[in-house]
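Engineer: Before anything else, here's the structure in question.
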Amino acid sequence: MRRPVIAGNWKLFKSSVEARELVGSLLPLVNRTDTVDVVVAPVFTVLATVRDLVQGTNIRLAAQDCFWEEEGAFTGEVSPKMLVDAGCSHVIIGHSERRQYFGDTDDTVNKKLKAALAADLIPLFCVGETLEEREADKTFEVIGRQLKKGLAGIHDDLVSRIVIAYEPVWAIGTGKTASNQQAQEVHAFIRSVLCETRSRTIAESTRILYGGSVKPENIRGLMSQTDIDGALVGGASLKAESFASIVNYGG
Ligand code: 13P
């Protein structure tokens, strides 16, 4: 049985005051949820604030990115070790917005995954095709490449700790969710790549989340698909009520 993960990616939103308010409202709504891993990913500057609020609760803390070196003359970067120090257990890596606007490539994503794993963080490793790639029938080719290059040189024991997030770029922030079938098809493909390149055990135990306009209205349909094990939620994670109802999709 794969334990579901519902993660909220706050992106570039929430001051420390707003983060306190959000977590304060969220906690009583999700504190009885014991069948799902609940994760929130605030901006770096409020990680410590949120850590203090979620300590001893069922909410886990993620950062939205990391660098691959532990320390050094790398102005503006944050290392996995520093994220652990700030209270993180998880880190998002390879989000399409990082790939699109900040120059992340399959190669740098691979380095970041290795560094995060070495620091004992659980990576939420994002893959996804653009609209252009989907329309050119290249979805599987793109996802296959992102997976193989992203996971290159990572030992099987460590791959099994990674959570994969399928986020079709055309569904992010557009209100246009992939249909249950479209998402399931890619999730099954991701599992088949893991089976071919790793093992059936790894393929069957790896959790694969869907991301892209997930809302309280569509979470149940997505979660009813065989290969969808959770969600990476953007916009709807910024309000306690909507994020909580996604977390509590099971009723
Ligand atoms: P939205 O839920 O706002 O579409 O964002 C998805 C996402 O990018 C989560 O990482």
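Please note that chains go A, B, ... in the order of the structure tokens, that every chain numbers its residues from 1, and that ligands are numbered from 1 in the order shown.
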With only C-alpha atoms as the counted atoms, please give the residues lying no more than 9 Å from region 153-166 of chain A, apart from itself and same-chain residues fewer than 5 positions off, as a VMD selection string.
Structural biologist: chain A and resid 5 95 110 113 to 114 117 to 118 121 to 129 143 183 186 to 187 190 198 to 199 201 to 203 205 to 212 230 to 232
Engineer: Within 9 Å of ligand 1, counting only C-alpha atoms and all ligand atoms, which protein or nucleic acid residues do you find, written as an MDAnalysis selection string?
Structural biologist: chainID A and resid 7:11 64 92 95:97 126 165 167:177 210:215 231:237
Engineer: Give me the residues within 10 Å of Asn218 (chain A) as a list in words, counting only C-alpha atoms and dropping any in the same chain fewer than 6 places off.
Structural biologist: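 Close residues of Asn218 (chain A): Thr177, Ser179, Asn180, Ile246 and Tyr249 of chain A.
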Engineer: Contacts of Arg60 (chain A) at 10 Å or less, counting only C-alpha atoms, minus same-chain residues fewer than 2 places along, as a PyMOL selection string?
Structural biologist: chain A and resi 7+37-41+50-51+54-58+62+87-90
Engineer: Please return, as a ChimeraX atom specification, all residues of region 142-206 of chain A that DSSP assigns to strand (DSSP E) on the basis of the backbone.
Structural biologist: /A:163-166
Engineer: Please produce a file of the residues just selected, as a PDB file, in the first residue's frame, where the atoms kept are N, CA, C and O atoms.
Structural biologist:
```pdb
ATOM      1  N   VAL A 163       9.722  10.902  -3.972  1.00  0.00           N
ATOM      2  CA  VAL A 163       8.320  11.010  -4.373  1.00  0.00           C
ATOM      3  C   VAL A 163       8.325  11.747  -5.709  1.00  0.00           C
ATOM      4  O   VAL A 163       8.974  12.793  -5.838  1.00  0.00           O
ATOM      5  N   ILE A 164       7.648  11.190  -6.702  1.00  0.00           N
ATOM      6  CA  ILE A 164       7.617  11.841  -8.020  1.00  0.00           C
ATOM      7  C   ILE A 164       6.326  12.640  -8.143  1.00  0.00           C
ATOM      8  O   ILE A 164       5.276  12.212  -7.660  1.00  0.00           O
ATOM      9  N   ALA A 165       6.417  13.821  -8.749  1.00  0.00           N
ATOM     10  CA  ALA A 165       5.195  14.605  -8.991  1.00  0.00           C
ATOM     11  C   ALA A 165       5.062  14.847 -10.486  1.00  0.00           C
ATOM     12  O   ALA A 165       5.951  15.447 -11.100  1.00  0.00           O
ATOM     13  N   TYR A 166       3.974  14.359 -11.049  1.00  0.00           N
ATOM     14  CA  TYR A 166       3.682  14.646 -12.465  1.00  0.00           C
ATOM     15  C   TYR A 166       2.870  15.928 -12.535  1.00  0.00           C
ATOM     16  O   TYR A 166       1.741  15.987 -12.035  1.00  0.00           O
TER      17      TYR A 166
END
```
Engineer: Write out as a list in words which residues come within 9 Å of Ala188 (chain A) when counting only C-alpha atoms, dropping same-chain ones fewer than 5 positions away.
Structural biologist: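 Listing them by chain and then by number gives Ala183, Val193, Thr226, Asp227 and Ile228 of chain A.
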Engineer: Pull N, CA and C atoms from the residues just selected and write them as a compact mmCIF listing (two decimals), in the first residue's frame.
Structural biologist:
```txt
# COMPACT_ATOMS: atom_id res chain seq x y z
N ALA A 183 -4.20 11.99 -16.62
CA ALA A 183 -3.23 11.90 -15.52
C ALA A 183 -2.86 10.44 -15.29
N VAL A 193 8.27 3.07 -16.50
CA VAL A 193 9.68 3.44 -16.66
C VAL A 193 10.48 2.98 -15.43
N THR A 226 -5.78 4.34 -10.20
CA THR A 226 -4.86 3.33 -9.65
C THR A 226 -3.47 3.85 -9.34
N ASP A 227 -2.94 4.69 -10.23
CA ASP A 227 -1.53 5.08 -10.07
C ASP A 227 -1.33 6.49 -9.53
N ILE A 228 -2.39 7.12 -9.06
CA ILE A 228 -2.25 8.46 -8.47
C ILE A 228 -2.24 8.33 -6.94
```
Engineer: Lys149 (chain A): which residues within 10 Å, counting only C-alpha atoms, same-chain residues fewer than 6 positions away excluded, as a ChimeraX atom specification?
Structural biologist: /A:105-110,143
Engineer: Using only C-alpha atoms, determine which residues lie at most 12 Å from Glu21 (chain A), disregarding the query and same-chain residues fewer than 3 positions distant; provide the list as a ChimeraX atom specification.
Structural biologist: /A:14-18,24-27,49-50,53,238-240
Engineer: What would the file look like if the residues just selected were written as an mmCIF file, in the first residue's frame with N, CA and C atoms?
Structural biologist:
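Output (selection-v9.cif):
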```cif
data_model
loop_
_atom_site.group_PDB
_atom_site.id
_atom_site.type_symbol
_atom_site.label_atom_id
_atom_site.label_comp_id
_atom_site.auth_asym_id
_atom_site.auth_seq_id
_atom_site.Cartn_x
_atom_site.Cartn_y
_atom_site.Cartn_z
ATOM 1 N N LYS A 14 2.869 34.467 0.748
ATOM 2 C CA LYS A 14 2.792 34.410 2.211
ATOM 3 C C LYS A 14 3.990 35.019 2.954
ATOM 4 N N SER A 15 3.691 36.133 3.599
ATOM 5 C CA SER A 15 4.643 36.749 4.538
ATOM 6 C C SER A 15 4.620 35.910 5.809
ATOM 7 N N SER A 16 5.461 36.255 6.787
ATOM 8 C CA SER A 16 5.449 35.449 8.016
ATOM 9 C C SER A 16 4.115 35.591 8.757
ATOM 10 N N VAL A 17 3.533 36.775 8.727
ATOM 11 C CA VAL A 17 2.238 36.956 9.400
ATOM 12 C C VAL A 17 1.170 36.099 8.704
ATOM 13 N N GLU A 18 1.168 36.147 7.375
ATOM 14 C CA GLU A 18 0.179 35.363 6.617
ATOM 15 C C GLU A 18 0.404 33.858 6.783
ATOM 16 N N GLY A 24 -2.118 28.340 11.338
ATOM 17 C CA GLY A 24 -3.007 28.367 12.513
ATOM 18 C C GLY A 24 -4.400 27.867 12.156
ATOM 19 N N SER A 25 -4.911 28.242 10.988
ATOM 20 C CA SER A 25 -6.246 27.785 10.582
ATOM 21 C C SER A 25 -6.207 26.355 10.071
ATOM 22 N N LEU A 26 -5.075 25.980 9.477
ATOM 23 C CA LEU A 26 -4.991 24.647 8.876
ATOM 24 C C LEU A 26 -4.904 23.529 9.917
ATOM 25 N N LEU A 27 -4.099 23.776 10.951
ATOM 26 C CA LEU A 27 -3.825 22.706 11.925
ATOM 27 C C LEU A 27 -5.077 22.019 12.482
ATOM 28 N N THR A 49 9.693 29.894 10.800
ATOM 29 C CA THR A 49 8.423 30.284 11.432
ATOM 30 C C THR A 49 7.434 29.130 11.375
ATOM 31 N N VAL A 50 7.309 28.546 10.186
ATOM 32 C CA VAL A 50 6.354 27.446 10.017
ATOM 33 C C VAL A 50 6.822 26.216 10.798
ATOM 34 N N LEU A 53 5.619 26.281 14.236
ATOM 35 C CA LEU A 53 4.170 26.070 14.365
ATOM 36 C C LEU A 53 3.766 24.613 14.154
ATOM 37 N N LEU A 238 -3.197 27.733 -0.669
ATOM 38 C CA LEU A 238 -2.999 29.038 -0.020
ATOM 39 C C LEU A 238 -4.140 29.405 0.917
ATOM 40 N N LYS A 239 -5.219 28.608 0.890
ATOM 41 C CA LYS A 239 -6.340 28.837 1.805
ATOM 42 C C LYS A 239 -6.534 27.584 2.640
ATOM 43 N N ALA A 240 -6.658 27.759 3.956
ATOM 44 C CA ALA A 240 -6.742 26.602 4.858
ATOM 45 C C ALA A 240 -7.906 25.688 4.486
#
```
Engineer: Measuring atom to atom with only C-alpha atoms, identify which of A:Val30, A:Ala178, A:Ile93, A:Val36 is nearest to Pro4 (chain A).
Structural biologist: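 Smallest distance to Pro4 (chain A) is found for A:Val36.
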Engineer: In terms of the shortest atom-to-atom distance over only C-alpha atoms, which of A:Thr45, A:Leu29, A:Val142, A:Ala115 is closest to Lys81 (chain A)?
Structural biologist: A:Ala115
Engineer: CA of Asp104 (chain A) and CA of Phe140 (chain A), how far apart in Å?
Structural biologist: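 Pair CA of Phe140 (chain A) / CA of Asp104 (chain A) returns 20.0 Å.
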Engineer: From the set A:Cys66, A:Leu131, A:Leu194, A:Val23, which residue has the shortest atom-to-atom contact distance to Gly94 (chain A), counting only C-alpha atoms?
Structural biologist: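 Checking each candidate against Gly94 (chain A), we get A:Cys66 as the closest.
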Engineer: Quick one, how far is CA of Cys195 (chain A) from CA of Thr130 (chain A)?
Structural biologist: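 Straight-line distance from CA of Cys195 (chain A) to CA of Thr130 (chain A) works out to 24.7 Å.
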Engineer: Please compute the CA of Gln182 (chain A)-CA of Ser224 (chain A) distance, one decimal, in Å.
Structural biologist: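 Going from CA of Gln182 (chain A) over to CA of Ser224 (chain A), I get 13.2 Å.
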Engineer: Check the DSSP output for the backbone and give back, as a ChimeraX atom specification, the residues of region 11-200 of chain A in helix (DSSP H, G or I).
Structural biologist: /A:16-30,44-54,80-85,96-101,106-118,131-135,139-150,156-159,169-171,180-197,200
